[in-house]
$ cat input.txt   # compact mmCIF, C-alpha atoms and all ligand atoms
# COMPACT_ATOMS: atom_id res chain seq x y z
CA MET A 136 0.00 0.00 0.00
CA GLY A 137 1.73 3.14 -1.26
CA LYS A 138 5.19 1.69 -0.57
CA LYS A 139 7.97 3.29 -2.59
CA PHE A 140 9.45 1.13 -5.31
CA LEU A 141 12.98 0.00 -4.47
CA PRO A 142 14.90 -0.05 -7.76
CA PHE A 143 17.32 -2.88 -8.50
CA ALA A 144 20.24 -0.43 -8.75
CA LEU A 145 20.96 3.27 -8.19
CA PRO A 146 24.15 5.32 -8.40
CA SER A 147 25.37 7.25 -5.31
CA ILE A 148 25.97 10.80 -6.49
CA GLY A 149 26.51 13.58 -3.96
CA GLU A 150 26.95 17.35 -4.09
CA GLU A 151 30.72 17.07 -4.48
CA GLU A 152 30.39 15.26 -7.82
CA VAL A 153 28.05 18.04 -9.01
CA LYS A 154 30.51 20.71 -7.85
CA GLU A 155 33.48 19.09 -9.61
CA VAL A 156 31.56 18.62 -12.86
CA ARG A 157 30.53 22.27 -12.73
CA LYS A 158 34.18 23.29 -12.34
CA VAL A 159 35.14 21.35 -15.46
CA LEU A 160 32.21 22.76 -17.44
CA LYS A 161 33.36 26.29 -16.61
CA SER A 162 37.08 25.58 -17.10
CA GLY A 163 37.32 25.94 -20.86
CA TRP A 164 38.50 22.33 -21.34
CA LEU A 165 35.79 19.67 -21.53
CA THR A 166 37.33 16.59 -23.10
CA THR A 167 40.34 14.44 -22.09
CA GLY A 168 42.88 16.56 -20.22
CA LYS A 169 44.35 17.24 -16.80
CA VAL A 170 41.36 15.97 -14.83
CA THR A 171 41.46 12.62 -16.63
CA GLU A 172 45.22 12.46 -16.03
CA ARG A 173 44.58 13.04 -12.32
CA PHE A 174 41.90 10.34 -12.28
CA GLU A 175 44.37 7.89 -13.84
CA GLU A 176 47.01 8.82 -11.22
CA LEU A 177 44.61 8.30 -8.33
CA PHE A 178 43.33 5.04 -9.81
CA LYS A 179 46.87 3.74 -10.12
CA GLU A 180 47.54 4.62 -6.49
CA TYR A 181 44.39 2.87 -5.34
CA ILE A 182 45.10 -0.33 -7.28
CA GLY A 183 48.85 -0.31 -6.71
CA CYS A 184 49.70 -0.87 -10.37
CA LYS A 185 52.18 0.79 -12.71
CA PHE A 186 49.91 2.09 -15.50
CA ALA A 187 46.27 3.14 -15.82
CA VAL A 188 44.58 4.41 -18.98
CA ALA A 189 41.05 5.83 -18.89
CA THR A 190 38.61 4.85 -21.66
CA SER A 191 35.03 5.68 -22.61
CA SER A 192 33.77 2.30 -21.31
CA CYS A 193 34.88 -1.13 -20.13
CA THR A 194 33.83 -2.48 -23.52
CA ALA A 195 36.25 -0.04 -25.18
CA ALA A 196 38.91 -1.01 -22.63
CA LEU A 197 38.50 -4.71 -23.52
CA HIS A 198 38.58 -3.98 -27.26
CA LEU A 199 41.76 -1.89 -27.00
CA SER A 200 43.43 -4.45 -24.72
CA LEU A 201 42.85 -7.17 -27.32
CA LEU A 202 44.25 -4.91 -30.07
CA ALA A 203 47.24 -3.97 -27.92
CA ILE A 204 48.29 -7.62 -27.54
CA GLY A 205 47.91 -8.03 -31.30
CA VAL A 206 44.75 -10.15 -31.57
CA LYS A 207 43.85 -10.75 -35.23
CA PRO A 208 41.07 -12.45 -37.20
CA GLN A 209 41.52 -16.27 -37.03
CA ASP A 210 42.81 -16.03 -33.44
CA GLU A 211 40.82 -17.53 -30.58
CA VAL A 212 40.14 -15.92 -27.22
CA ILE A 213 38.74 -18.00 -24.36
CA THR A 214 36.11 -16.48 -22.09
CA THR A 215 33.09 -17.37 -19.98
CA PRO A 216 29.57 -17.60 -21.39
CA PHE A 217 28.24 -16.38 -18.03
CA THR A 218 28.88 -12.67 -18.55
CA PHE A 219 27.46 -9.54 -20.09
CA CYS A 220 27.58 -9.77 -23.89
CA ALA A 221 30.13 -6.89 -23.99
CA THR A 222 32.92 -9.30 -22.98
CA ALA A 223 32.40 -11.47 -26.05
CA ASN A 224 31.52 -8.50 -28.28
CA ALA A 225 34.98 -7.00 -27.68
CA ILE A 226 36.48 -10.22 -29.08
CA GLU A 227 34.12 -10.08 -32.07
CA TYR A 228 35.23 -6.52 -32.89
CA THR A 229 38.75 -7.78 -33.55
CA GLY A 230 37.53 -10.52 -35.90
CA ALA A 231 38.86 -13.18 -33.53
CA ARG A 232 36.64 -16.03 -32.36
CA PRO A 233 35.23 -16.07 -28.83
CA VAL A 234 35.65 -19.59 -27.43
CA PHE A 235 33.52 -20.19 -24.38
CA ALA A 236 34.60 -22.30 -21.43
CA ASP A 237 31.84 -23.29 -18.99
CA ILE A 238 31.76 -22.07 -15.40
CA GLU A 239 32.27 -23.80 -12.07
CA GLU A 240 29.37 -24.38 -9.71
CA GLU A 241 30.54 -22.54 -6.60
CA THR A 242 31.39 -19.01 -7.75
CA TYR A 243 30.02 -19.11 -11.32
CA ASN A 244 33.46 -18.04 -12.55
CA ILE A 245 35.19 -19.65 -15.54
CA SER A 246 36.28 -23.25 -14.80
CA ILE A 247 39.99 -24.02 -14.92
CA GLU A 248 39.34 -27.53 -16.27
CA GLU A 249 37.14 -26.15 -19.06
CA ILE A 250 39.77 -23.54 -20.03
CA LYS A 251 42.34 -26.33 -20.41
CA LYS A 252 40.02 -28.24 -22.75
CA LYS A 253 39.52 -25.22 -25.01
CA ILE A 254 43.15 -24.26 -25.68
CA THR A 255 44.25 -24.79 -29.30
CA GLU A 256 47.07 -23.62 -31.56
CA LYS A 257 44.97 -20.54 -32.30
CA THR A 258 44.37 -19.44 -28.70
CA VAL A 259 46.04 -16.12 -27.88
CA ALA A 260 44.31 -14.91 -24.72
CA ILE A 261 41.96 -15.71 -21.85
CA ILE A 262 39.39 -13.21 -20.57
CA PRO A 263 38.20 -14.27 -17.11
CA VAL A 264 35.35 -12.26 -15.54
CA ASP A 265 35.24 -11.65 -11.78
CA TYR A 266 31.58 -12.56 -11.59
CA ALA A 267 29.56 -10.41 -9.13
CA GLY A 268 32.88 -9.16 -7.73
CA HIS A 269 34.22 -12.60 -6.72
CA PRO A 270 37.71 -12.88 -8.26
CA ALA A 271 38.23 -15.67 -10.79
CA GLN A 272 40.90 -18.29 -9.99
CA LEU A 273 43.66 -15.97 -11.14
CA LYS A 274 46.67 -17.97 -9.91
CA GLU A 275 45.61 -21.02 -11.91
CA ILE A 276 44.66 -18.90 -14.93
CA MET A 277 48.01 -17.06 -14.93
CA LYS A 278 49.76 -20.43 -14.69
CA ILE A 279 47.89 -21.81 -17.71
CA ALA A 280 48.66 -18.58 -19.58
CA LYS A 281 52.36 -18.87 -18.82
CA GLN A 282 52.53 -22.51 -19.87
CA ASN A 283 50.80 -21.72 -23.18
CA SER A 284 52.22 -18.22 -23.85
CA LEU A 285 48.81 -16.55 -23.59
CA TYR A 286 47.77 -13.16 -22.32
CA VAL A 287 45.24 -12.77 -19.53
CA ILE A 288 42.91 -9.78 -19.96
CA GLU A 289 40.67 -9.66 -16.92
CA ASP A 290 37.14 -8.28 -17.18
CA ALA A 291 36.89 -6.66 -13.75
CA ALA A 292 33.73 -4.67 -14.51
CA HIS A 293 32.31 -5.97 -11.19
CA ALA A 294 35.52 -6.09 -9.21
CA LEU A 295 36.83 -2.63 -8.37
CA GLY A 296 38.07 -3.08 -4.80
CA SER A 297 38.05 -6.89 -4.90
CA GLU A 298 41.22 -8.66 -3.78
CA TYR A 299 42.80 -11.98 -4.63
CA GLU A 300 45.33 -13.41 -2.16
CA ASN A 301 45.75 -9.93 -0.63
CA LYS A 302 46.44 -8.23 -3.97
CA LYS A 303 44.00 -5.78 -5.50
CA ILE A 304 42.26 -6.81 -8.69
CA GLY A 305 43.97 -4.75 -11.38
CA SER A 306 47.48 -5.67 -10.27
CA ILE A 307 47.49 -9.39 -11.16
CA SER A 308 46.55 -10.12 -14.80
CA HIS A 309 48.57 -8.81 -17.78
CA ILE A 310 45.76 -6.32 -18.37
CA THR A 311 42.65 -5.58 -16.30
CA CYS A 312 39.56 -3.66 -17.49
CA PHE A 313 37.14 -1.82 -15.20
CA SER A 314 33.70 -0.27 -15.81
CA PHE A 315 32.23 2.94 -14.42
CA TYR A 316 28.74 2.35 -15.78
CA PRO A 317 26.06 3.77 -13.39
CA THR A 318 25.33 0.43 -11.69
CA LYS A 319 28.97 -0.52 -11.06
CA ASN A 320 30.98 -0.08 -7.82
CA ILE A 321 31.82 3.51 -8.78
CA THR A 322 30.50 5.50 -11.73
CA THR A 323 31.53 8.23 -14.15
CA ALA A 324 28.13 7.91 -15.97
CA GLU A 325 29.94 6.02 -18.74
CA GLY A 326 33.62 5.16 -18.50
CA GLY A 327 36.28 2.53 -18.09
CA MET A 328 39.90 2.00 -17.10
CA VAL A 329 42.70 -0.30 -18.18
CA THR A 330 45.47 -1.22 -15.73
CA THR A 331 48.69 -3.04 -16.53
CA GLU A 332 52.30 -3.41 -15.42
CA GLU A 333 53.59 -3.28 -18.99
CA LYS A 334 54.58 0.12 -20.33
CA ASN A 335 54.33 -0.90 -24.01
CA LEU A 336 50.77 -2.11 -23.57
CA ALA A 337 49.72 1.01 -21.65
CA GLU A 338 51.22 3.31 -24.30
CA LYS A 339 49.64 1.41 -27.15
CA ILE A 340 46.22 1.43 -25.47
CA LYS A 341 46.54 5.16 -24.80
CA ILE A 342 47.37 5.88 -28.46
CA LEU A 343 44.60 3.59 -29.74
CA SER A 344 42.07 5.32 -27.46
CA LEU A 345 42.46 8.62 -29.33
CA HIS A 346 42.57 8.06 -33.10
CA GLY A 347 45.97 6.37 -33.02
CA ILE A 348 47.57 9.78 -32.67
CA SER A 349 50.98 9.81 -31.07
CA ARG A 350 50.52 12.85 -28.82
CA ASP A 351 47.70 13.80 -26.48
CA ALA A 352 45.51 16.29 -28.30
CA TRP A 353 45.19 18.60 -25.32
CA LYS A 354 48.96 18.97 -25.03
CA ARG A 355 49.02 20.22 -28.62
CA TYR A 356 46.98 23.25 -27.62
CA LYS A 357 49.16 24.24 -24.72
CA LYS A 358 51.74 26.98 -25.21
CA GLU A 359 54.67 24.60 -25.34
CA GLY A 360 52.75 22.26 -27.65
CA SER A 361 52.73 22.41 -31.44
CA TRP A 362 50.24 21.87 -34.21
CA TYR A 363 52.04 18.78 -35.46
CA TYR A 364 50.84 15.22 -34.82
CA GLU A 365 51.01 11.84 -36.48
CA GLU A 366 48.54 9.01 -36.72
CA VAL A 367 50.72 5.96 -36.12
CA LEU A 368 48.03 3.27 -35.70
CA LEU A 369 44.41 2.94 -36.74
CA GLY A 370 42.90 4.21 -33.53
CA TYR A 371 39.42 4.70 -32.10
CA LYS A 372 37.52 7.44 -30.32
CA TYR A 373 37.46 5.78 -26.93
CA ASN A 374 38.81 8.56 -24.68
CA LEU A 375 37.25 9.53 -21.33
CA THR A 376 36.32 13.20 -20.95
CA ASP A 377 37.32 15.47 -18.07
CA ILE A 378 33.63 15.81 -17.21
CA ASN A 379 33.37 12.06 -16.60
CA SER A 380 36.73 11.93 -14.84
CA ALA A 381 35.67 14.70 -12.42
CA ILE A 382 32.87 12.41 -11.24
CA GLY A 383 35.31 9.49 -11.07
CA ILE A 384 37.80 11.32 -8.85
CA VAL A 385 35.12 12.03 -6.24
CA GLN A 386 33.66 8.51 -6.51
CA LEU A 387 37.07 6.86 -6.11
CA LYS A 388 37.49 8.65 -2.76
CA LYS A 389 34.32 6.90 -1.61
CA ILE A 390 35.09 3.39 -2.87
CA GLU A 391 36.15 1.92 0.49
CA LYS A 392 33.06 3.37 2.16
CA PHE A 393 30.89 1.93 -0.63
CA LEU A 394 32.53 -1.49 -0.34
CA LYS A 395 32.04 -1.62 3.43
CA ILE A 396 28.32 -0.90 3.02
CA ARG A 397 28.04 -3.54 0.28
CA GLU A 398 29.76 -6.11 2.50
CA LYS A 399 27.63 -5.24 5.51
CA TYR A 400 24.43 -5.62 3.50
CA ALA A 401 25.63 -8.86 1.91
CA ASN A 402 26.23 -10.22 5.41
CA ILE A 403 22.72 -9.22 6.50
CA TYR A 404 21.23 -11.00 3.45
CA GLY A 405 23.39 -14.04 4.26
CA GLU A 406 22.32 -14.10 7.90
CA LYS A 407 18.60 -13.55 7.27
CA LEU A 408 18.27 -15.87 4.28
CA LYS A 409 20.49 -18.76 5.35
CA ASP A 410 17.62 -20.85 6.67
CA VAL A 411 15.32 -20.29 3.70
CA GLU A 412 15.26 -23.70 2.07
CA GLU A 413 14.28 -22.48 -1.41
CA ILE A 414 17.40 -20.29 -1.62
CA THR A 415 21.11 -21.06 -2.08
CA LEU A 416 23.37 -18.18 -1.03
CA PRO A 417 26.49 -17.03 -2.91
CA LYS A 418 29.71 -18.71 -1.75
CA ILE A 419 33.20 -17.39 -1.23
CA LYS A 420 36.07 -19.59 -2.39
CA GLY A 421 39.72 -19.07 -1.49
CA ASN A 422 41.53 -16.09 -0.01
CA VAL A 423 39.58 -13.28 -1.69
CA ARG A 424 37.87 -10.01 -0.93
CA HIS A 425 34.47 -9.93 -2.65
CA SER A 426 33.27 -6.48 -3.79
CA TYR A 427 29.61 -7.60 -3.73
CA HIS A 428 28.83 -5.73 -6.91
CA LEU A 429 25.97 -8.24 -7.17
CA TYR A 430 24.22 -10.45 -4.64
CA PRO A 431 23.03 -13.41 -6.73
CA VAL A 432 21.04 -16.19 -5.07
CA LEU A 433 19.95 -19.50 -6.62
CA LEU A 434 16.34 -20.57 -6.32
CA ASN A 435 15.25 -24.14 -5.96
CA THR A 436 13.26 -24.08 -9.19
CA GLU A 437 11.52 -27.35 -8.38
CA LYS A 438 9.67 -25.38 -5.71
CA VAL A 439 9.69 -21.81 -7.09
CA ASN A 440 9.42 -20.46 -10.61
CA ARG A 441 12.24 -17.92 -11.05
CA ASP A 442 10.46 -15.58 -13.45
CA ARG A 443 7.33 -15.52 -11.30
CA PHE A 444 9.45 -14.90 -8.20
CA ILE A 445 10.88 -11.76 -9.84
CA GLU A 446 7.38 -10.64 -10.90
CA ASP A 447 6.03 -11.23 -7.38
CA LEU A 448 8.88 -9.21 -5.85
CA LYS A 449 8.07 -6.42 -8.27
CA LYS A 450 4.50 -6.43 -7.02
CA GLU A 451 5.93 -6.03 -3.52
CA GLY A 452 7.82 -2.97 -4.81
CA ILE A 453 11.23 -4.64 -5.04
CA GLY A 454 13.41 -4.59 -8.17
CA ALA A 455 15.42 -7.76 -8.86
CA SER A 456 17.32 -8.86 -11.95
CA VAL A 457 19.13 -11.72 -13.70
CA HIS A 458 22.88 -11.82 -14.37
CA PHE A 459 23.40 -13.19 -16.95
CA ILE A 460 21.64 -14.67 -19.97
CA PRO A 461 24.50 -16.92 -21.19
CA VAL A 462 26.13 -15.17 -24.14
CA HIS A 463 25.97 -18.22 -26.44
CA LEU A 464 22.17 -18.19 -26.21
CA HIS A 465 21.80 -14.70 -27.71
CA PRO A 466 20.56 -14.88 -31.32
CA TYR A 467 23.66 -13.14 -32.71
CA TYR A 468 25.98 -15.80 -31.24
CA ARG A 469 23.63 -18.70 -31.89
CA ASN A 470 23.34 -17.72 -35.55
CA LYS A 471 27.00 -17.00 -36.12
CA TYR A 472 28.49 -20.01 -34.30
CA ASN A 473 25.59 -22.47 -34.26
CA PHE A 474 25.44 -22.55 -30.49
CA LYS A 475 22.48 -24.36 -28.97
CA GLU A 476 21.00 -25.08 -25.60
CA GLY A 477 23.07 -27.69 -23.81
CA ASP A 478 26.44 -26.40 -25.04
CA PHE A 479 27.40 -24.94 -21.65
CA PRO A 480 25.28 -26.88 -19.16
CA VAL A 481 26.52 -25.32 -15.91
CA ALA A 482 26.04 -21.73 -17.11
CA GLU A 483 22.58 -22.67 -18.41
CA LYS A 484 21.55 -24.43 -15.22
CA VAL A 485 22.68 -21.49 -13.06
CA TYR A 486 21.01 -18.99 -15.42
CA LYS A 487 17.63 -20.69 -15.02
CA ARG A 488 17.83 -20.47 -11.22
CA ILE A 489 19.64 -17.21 -10.52
CA VAL A 490 18.25 -13.90 -9.20
CA SER A 491 20.25 -10.80 -8.27
CA LEU A 492 18.86 -9.03 -5.21
CA PRO A 493 19.20 -5.25 -4.91
CA LEU A 494 22.43 -4.25 -3.14
CA TYR A 495 23.96 -0.78 -3.31
CA PRO A 496 25.19 1.93 -0.94
CA GLN A 497 22.13 4.15 -1.54
CA MET A 498 19.99 1.49 0.15
CA LYS A 499 19.30 1.77 3.86
CA GLU A 500 19.61 -1.17 6.21
CA SER A 501 15.80 -1.06 6.50
CA ASP A 502 15.59 -1.57 2.71
CA ILE A 503 17.60 -4.80 3.02
CA ILE A 504 15.25 -6.00 5.77
CA ARG A 505 12.29 -5.08 3.57
CA VAL A 506 13.73 -7.17 0.71
CA VAL A 507 14.19 -10.14 3.07
CA LYS A 508 10.62 -9.84 4.37
CA SER A 509 9.22 -9.57 0.85
CA ILE A 510 11.18 -12.66 -0.23
CA LYS A 511 9.82 -14.66 2.70
CA LYS A 512 6.29 -13.44 2.00
CA VAL A 513 6.49 -14.29 -1.70
CA LEU A 514 7.91 -17.76 -0.96
CA LYS A 515 5.28 -18.50 1.70
CA ARG A 516 2.50 -17.86 -0.81
CA LYS A 517 3.92 -20.62 -2.97
CA LYS A 518 3.26 -23.30 -0.37
C1 LIG B 1 29.01 -3.80 -17.33
C2 LIG B 1 29.87 -4.86 -17.87
C3 LIG B 1 30.70 -4.66 -18.98
C4 LIG B 1 30.61 -3.44 -19.84
O1 LIG B 1 30.94 -2.26 -19.20
P1 LIG B 1 30.71 -0.88 -19.97
O2 LIG B 1 31.53 0.09 -19.15
O3 LIG B 1 29.26 -0.59 -19.92
O4 LIG B 1 31.23 -1.03 -21.34
C5 LIG B 1 31.57 -5.67 -19.34
N1 LIG B 1 31.61 -6.83 -18.67
C6 LIG B 1 30.81 -7.08 -17.61
C7 LIG B 1 30.93 -8.38 -16.91
C8 LIG B 1 29.90 -6.11 -17.20
O5 LIG B 1 29.06 -6.38 -16.18
$ encode --input "input.txt" --output "structure tokens"
Amino acid sequence: MGKKFLPFALPSIGEEEVKEVRKVLKSGWLTTGKVTERFEELFKEYIGCKFAVATSSCTAALHLSLLAIGVKPQDEVITTPFTFCATANAIEYTGARPVFADIEEETYNISIEEIKKKITEKTVAIIPVDYAGHPAQLKEIMKIAKQNSLYVIEDAAHALGSEYENKKIGSISHITCFSFYPTKNITTAEGGMVTTEEKNLAEKIKILSLHGISRDAWKRYKKEGSWYYEEVLLGYKYNLTDINSAIGIVQLKKIEKFLKIREKYANIYGEKLKDVEEITLPKIKGNVRHSYHLYPVLLNTEKVNRDRFIEDLKKEGIGASVHFIPVHLHPYYRNKYNFKEGDFPVAEKVYKRIVSLPLYPQMKESDIIRVVKSIKKVLKRKK
């Protein structure tokens, strides 16, 4: 009765973000410049990595990372089917073939055994995804990569702030890509970041992000700059603007606060839902810090219909969602590669049962309790 709808996700934007954006808008320089450079510096400090390059999205970051390591048509890149389609799309852009390796049952991350089965002469890289913010098995993946001379490009769209064996995500794989889409752990509206320890890769990604031009455009317009530039590679228009970066700088200051709230709320969900027999809670495997970008639970679909559960929650004023529709089941991929149901049975089984509950710093503790109560109410009606 008149209860406010609780959306599945909301960004946390305060007055400081508004103030910093205003400053940029009035500064006379709107696109990539000093503010973006500062954002990259601060990001590097937070992650503890050598290089960070800002991009217009995580999708752009993944695309440029693949180009930087020299991926060509005919190559194969192994990734998980249990991800947002952007991960596989970035491979498609290069003309290479996305080769899916099924997931493991505990964390829904790419399975080490399945990766091993998919390596061929044509494999050049592996793109693991840190699903929901739970790091993939990076030690094993880096070992496979080393043995087979492959690159690891990590899709860490969910994993800003996550840690694997006490190291921050972004300091482990050859290249790591982050997203600042509005629902992610921090936002710049749209935006992404690449981190790496390799100078050559960072420089190449930087050049490719702005037309393949060898000098930053904004430096050309400074007094000491000149009008001369060269296009050295076929580049893209994937740069992040100073307007977006101004938001990012403020958001990055808040990341630890955001993560603590996410963890606290995840623990409340865990505590309050652990005895609900129709629900399986997310698990943590190994020595990791989970960012809780998502809080996905599995439903016992013999007792509850997943789609109806989401509809019923909506009627209670609660937004829930599904992450993800396995990529191989999308018509584009089915048609191009003849994928069919049954090709990746674990991803498909999890997909049919999974529901992401709302979890973000803008929620109050009372909202979490409300979600729990609504879940219990909806499940009780089923009996
Ligand atoms: C959101 C997301 C992306 C894409 O991020 P953009 O910044 O929107 O391009 C890629 N991979 C995963 C797993 C995502 O969730």
$ closest_residue --input "input.txt" --among "A:Val485, A:Ile419, A:Ile403, A:Met277" --to "A:Arg505" --atoms "only C-alpha atoms"
A:Ile403
$ closest_residue --input "input.txt" --among "A:Phe174, A:Tyr430, A:Phe444, A:Phe459" --to "A:Phe143" --atoms "only C-alpha atoms"
A:Tyr430
$ residues_around --input "input.txt" --residues "stretch 185-202 of chain A" --least-positions-apart "3" --cutoff "6 Å" --atoms "only C-alpha atoms" --output "PDB file with C-alpha atoms, in the frame of the given file"
ATOM      1  CA  GLU A 175      44.370   7.890 -13.840  1.00  0.00           C
ATOM      2  CA  LYS A 179      46.870   3.740 -10.120  1.00  0.00           C
ATOM      3  CA  GLY A 205      47.910  -8.030 -31.300  1.00  0.00           C
ATOM      4  CA  VAL A 206      44.750 -10.150 -31.570  1.00  0.00           C
ATOM      5  CA  ALA A 221      30.130  -6.890 -23.990  1.00  0.00           C
ATOM      6  CA  ALA A 225      34.980  -7.000 -27.680  1.00  0.00           C
ATOM      7  CA  CYS A 312      39.560  -3.660 -17.490  1.00  0.00           C
ATOM      8  CA  PHE A 313      37.140  -1.820 -15.200  1.00  0.00           C
ATOM      9  CA  SER A 314      33.700  -0.270 -15.810  1.00  0.00           C
ATOM     10  CA  GLU A 325      29.940   6.020 -18.740  1.00  0.00           C
ATOM     11  CA  GLY A 326      33.620   5.160 -18.500  1.00  0.00           C
ATOM     12  CA  GLY A 327      36.280   2.530 -18.090  1.00  0.00           C
ATOM     13  CA  MET A 328      39.900   2.000 -17.100  1.00  0.00           C
ATOM     14  CA  VAL A 329      42.700  -0.300 -18.180  1.00  0.00           C
ATOM     15  CA  THR A 330      45.470  -1.220 -15.730  1.00  0.00           C
ATOM     16  CA  THR A 331      48.690  -3.040 -16.530  1.00  0.00           C
ATOM     17  CA  GLU A 332      52.300  -3.410 -15.420  1.00  0.00           C
ATOM     18  CA  ILE A 340      46.220   1.430 -25.470  1.00  0.00           C
ATOM     19  CA  TYR A 373      37.460   5.780 -26.930  1.00  0.00           C
ATOM     20  CA  ASN A 374      38.810   8.560 -24.680  1.00  0.00           C
ATOM     21  CA  LEU A 375      37.250   9.530 -21.330  1.00  0.00           C
TER      22      LEU A 375
END
$ residues_around --input "input.txt" --residues "A:Phe474" --least-positions-apart "4" --cutoff "10 Å" --atoms "all atoms listed in the file" --output "ChimeraX atom specification"
/A:462-470,478-479
$ residues_around --input "input.txt" --residues "A:Lys487" --least-positions-apart "3" --cutoff "12 Å" --atoms "only C-alpha atoms" --output "CSV table (one decimal) with C-alpha atoms, keeping the file's coordinate frame"
chain,number,residue,atom,x,y,z
A,217,PHE,CA,28.2,-16.4,-18.0
A,432,VAL,CA,21.0,-16.2,-5.1
A,433,LEU,CA,20.0,-19.5,-6.6
A,434,LEU,CA,16.3,-20.6,-6.3
A,435,ASN,CA,15.2,-24.1,-6.0
A,436,THR,CA,13.3,-24.1,-9.2
A,437,GLU,CA,11.5,-27.4,-8.4
A,439,VAL,CA,9.7,-21.8,-7.1
A,440,ASN,CA,9.4,-20.5,-10.6
A,441,ARG,CA,12.2,-17.9,-11.0
A,442,ASP,CA,10.5,-15.6,-13.4
A,457,VAL,CA,19.1,-11.7,-13.7
A,458,HIS,CA,22.9,-11.8,-14.4
A,459,PHE,CA,23.4,-13.2,-17.0
A,460,ILE,CA,21.6,-14.7,-20.0
A,461,PRO,CA,24.5,-16.9,-21.2
A,476,GLU,CA,21.0,-25.1,-25.6
A,480,PRO,CA,25.3,-26.9,-19.2
A,481,VAL,CA,26.5,-25.3,-15.9
A,482,ALA,CA,26.0,-21.7,-17.1
A,483,GLU,CA,22.6,-22.7,-18.4
A,484,LYS,CA,21.6,-24.4,-15.2
A,490,VAL,CA,18.2,-13.9,-9.2
$ axis_aligned_box --input "input.txt" --around "stretch 291-304 of chain A" --padding-each-side "5 Å" --output "AutoDock Vina command-line options"
--center_x 39.4 --center_y -8.0 --center_z -7.6 --size_x 24.1 --size_y 20.8 --size_z 23.9
$ residues_around --input "input.txt" --residues "A:Asp290" --least-positions-apart "2" --cutoff "8 Å" --atoms "all atoms listed in the file" --output "list in words"
Leu197, Thr222, Ile262, Pro263, Val264, Asp265, Ile288, Ala292, Thr311, Cys312 and Phe313 of chain A
$ write_last_selection --input "input.txt" --atoms "C-alpha atoms" --output "PDB file, in the coordinates of the input"
ATOM      1  CA  LEU A 197      38.500  -4.710 -23.520  1.00  0.00           C
ATOM      2  CA  THR A 222      32.920  -9.300 -22.980  1.00  0.00           C
ATOM      3  CA  ILE A 262      39.390 -13.210 -20.570  1.00  0.00           C
ATOM      4  CA  PRO A 263      38.200 -14.270 -17.110  1.00  0.00           C
ATOM      5  CA  VAL A 264      35.350 -12.260 -15.540  1.00  0.00           C
ATOM      6  CA  ASP A 265      35.240 -11.650 -11.780  1.00  0.00           C
ATOM      7  CA  ILE A 288      42.910  -9.780 -19.960  1.00  0.00           C
ATOM      8  CA  ALA A 292      33.730  -4.670 -14.510  1.00  0.00           C
ATOM      9  CA  THR A 311      42.650  -5.580 -16.300  1.00  0.00           C
ATOM     10  CA  CYS A 312      39.560  -3.660 -17.490  1.00  0.00           C
ATOM     11  CA  PHE A 313      37.140  -1.820 -15.200  1.00  0.00           C
TER      12      PHE A 313
END
$ closest_residue --input "input.txt" --among "A:Ala267, A:Ala231, A:Ala236, A:Cys184" --to "A:Arg397" --atoms "all atoms listed in the file"
A:Ala267
$ residues_near_point --input "input.txt" --point "(29.9, -5.0, -11.0)" --cutoff "7 Å" --atoms "only C-alpha atoms" --output "NGL selection string"
:A and (267-268 or 292-294 or 319-320 or 428-429)
$ atom_distance --input "input.txt" --atom1 "atom CA of A:Glu227" --atom2 "atom CA of A:Tyr316"
21.2 Å
$ closest_residue --input "input.txt" --among "A:Pro142, A:Gly383, A:Pro233, A:Pro496" --to "A:Glu155" --atoms "only C-alpha atoms"
A:Gly383
$ residues_near_point --input "input.txt" --point "(41.3, -20.5, -28.2)" --cutoff "10 Å" --atoms "all atoms listed in the file" --output "list of chain:residue names"
A:Gln209, A:Asp210, A:Glu211, A:Val212, A:Ile213, A:Thr214, A:Ala231, A:Arg232, A:Pro233, A:Val234, A:Phe235, A:Ala236, A:Ile250, A:Lys251, A:Lys252, A:Lys253, A:Ile254, A:Thr255, A:Glu256, A:Lys257, A:Thr258, A:Val259, A:Ala260, A:Ile261, A:Leu285
$ decode --input "input.txt" --residues "stretch 177-181 of chain A" --atoms "N, CA, C and O atoms" --output "CSV table (one decimal), in the first residue's frame"
chain,number,residue,atom,x,y,z
A,177,LEU,N,45.3,8.7,-9.6
A,177,LEU,CA,44.6,8.3,-8.3
A,177,LEU,C,44.2,6.8,-8.4
A,177,LEU,O,44.3,6.1,-7.4
A,178,PHE,N,43.8,6.4,-9.6
A,178,PHE,CA,43.3,5.0,-9.8
A,178,PHE,C,44.5,4.1,-9.6
A,178,PHE,O,44.4,3.1,-9.0
A,179,LYS,N,45.6,4.5,-10.2
A,179,LYS,CA,46.9,3.7,-10.1
A,179,LYS,C,47.3,3.6,-8.7
A,179,LYS,O,47.6,2.5,-8.2
A,180,GLU,N,47.2,4.7,-7.9
A,180,GLU,CA,47.5,4.6,-6.5
A,180,GLU,C,46.6,3.7,-5.8
A,180,GLU,O,47.1,2.9,-4.9
A,181,TYR,N,45.3,3.7,-6.1
A,181,TYR,CA,44.4,2.9,-5.3
A,181,TYR,C,44.7,1.4,-5.6
A,181,TYR,O,44.7,0.6,-4.7
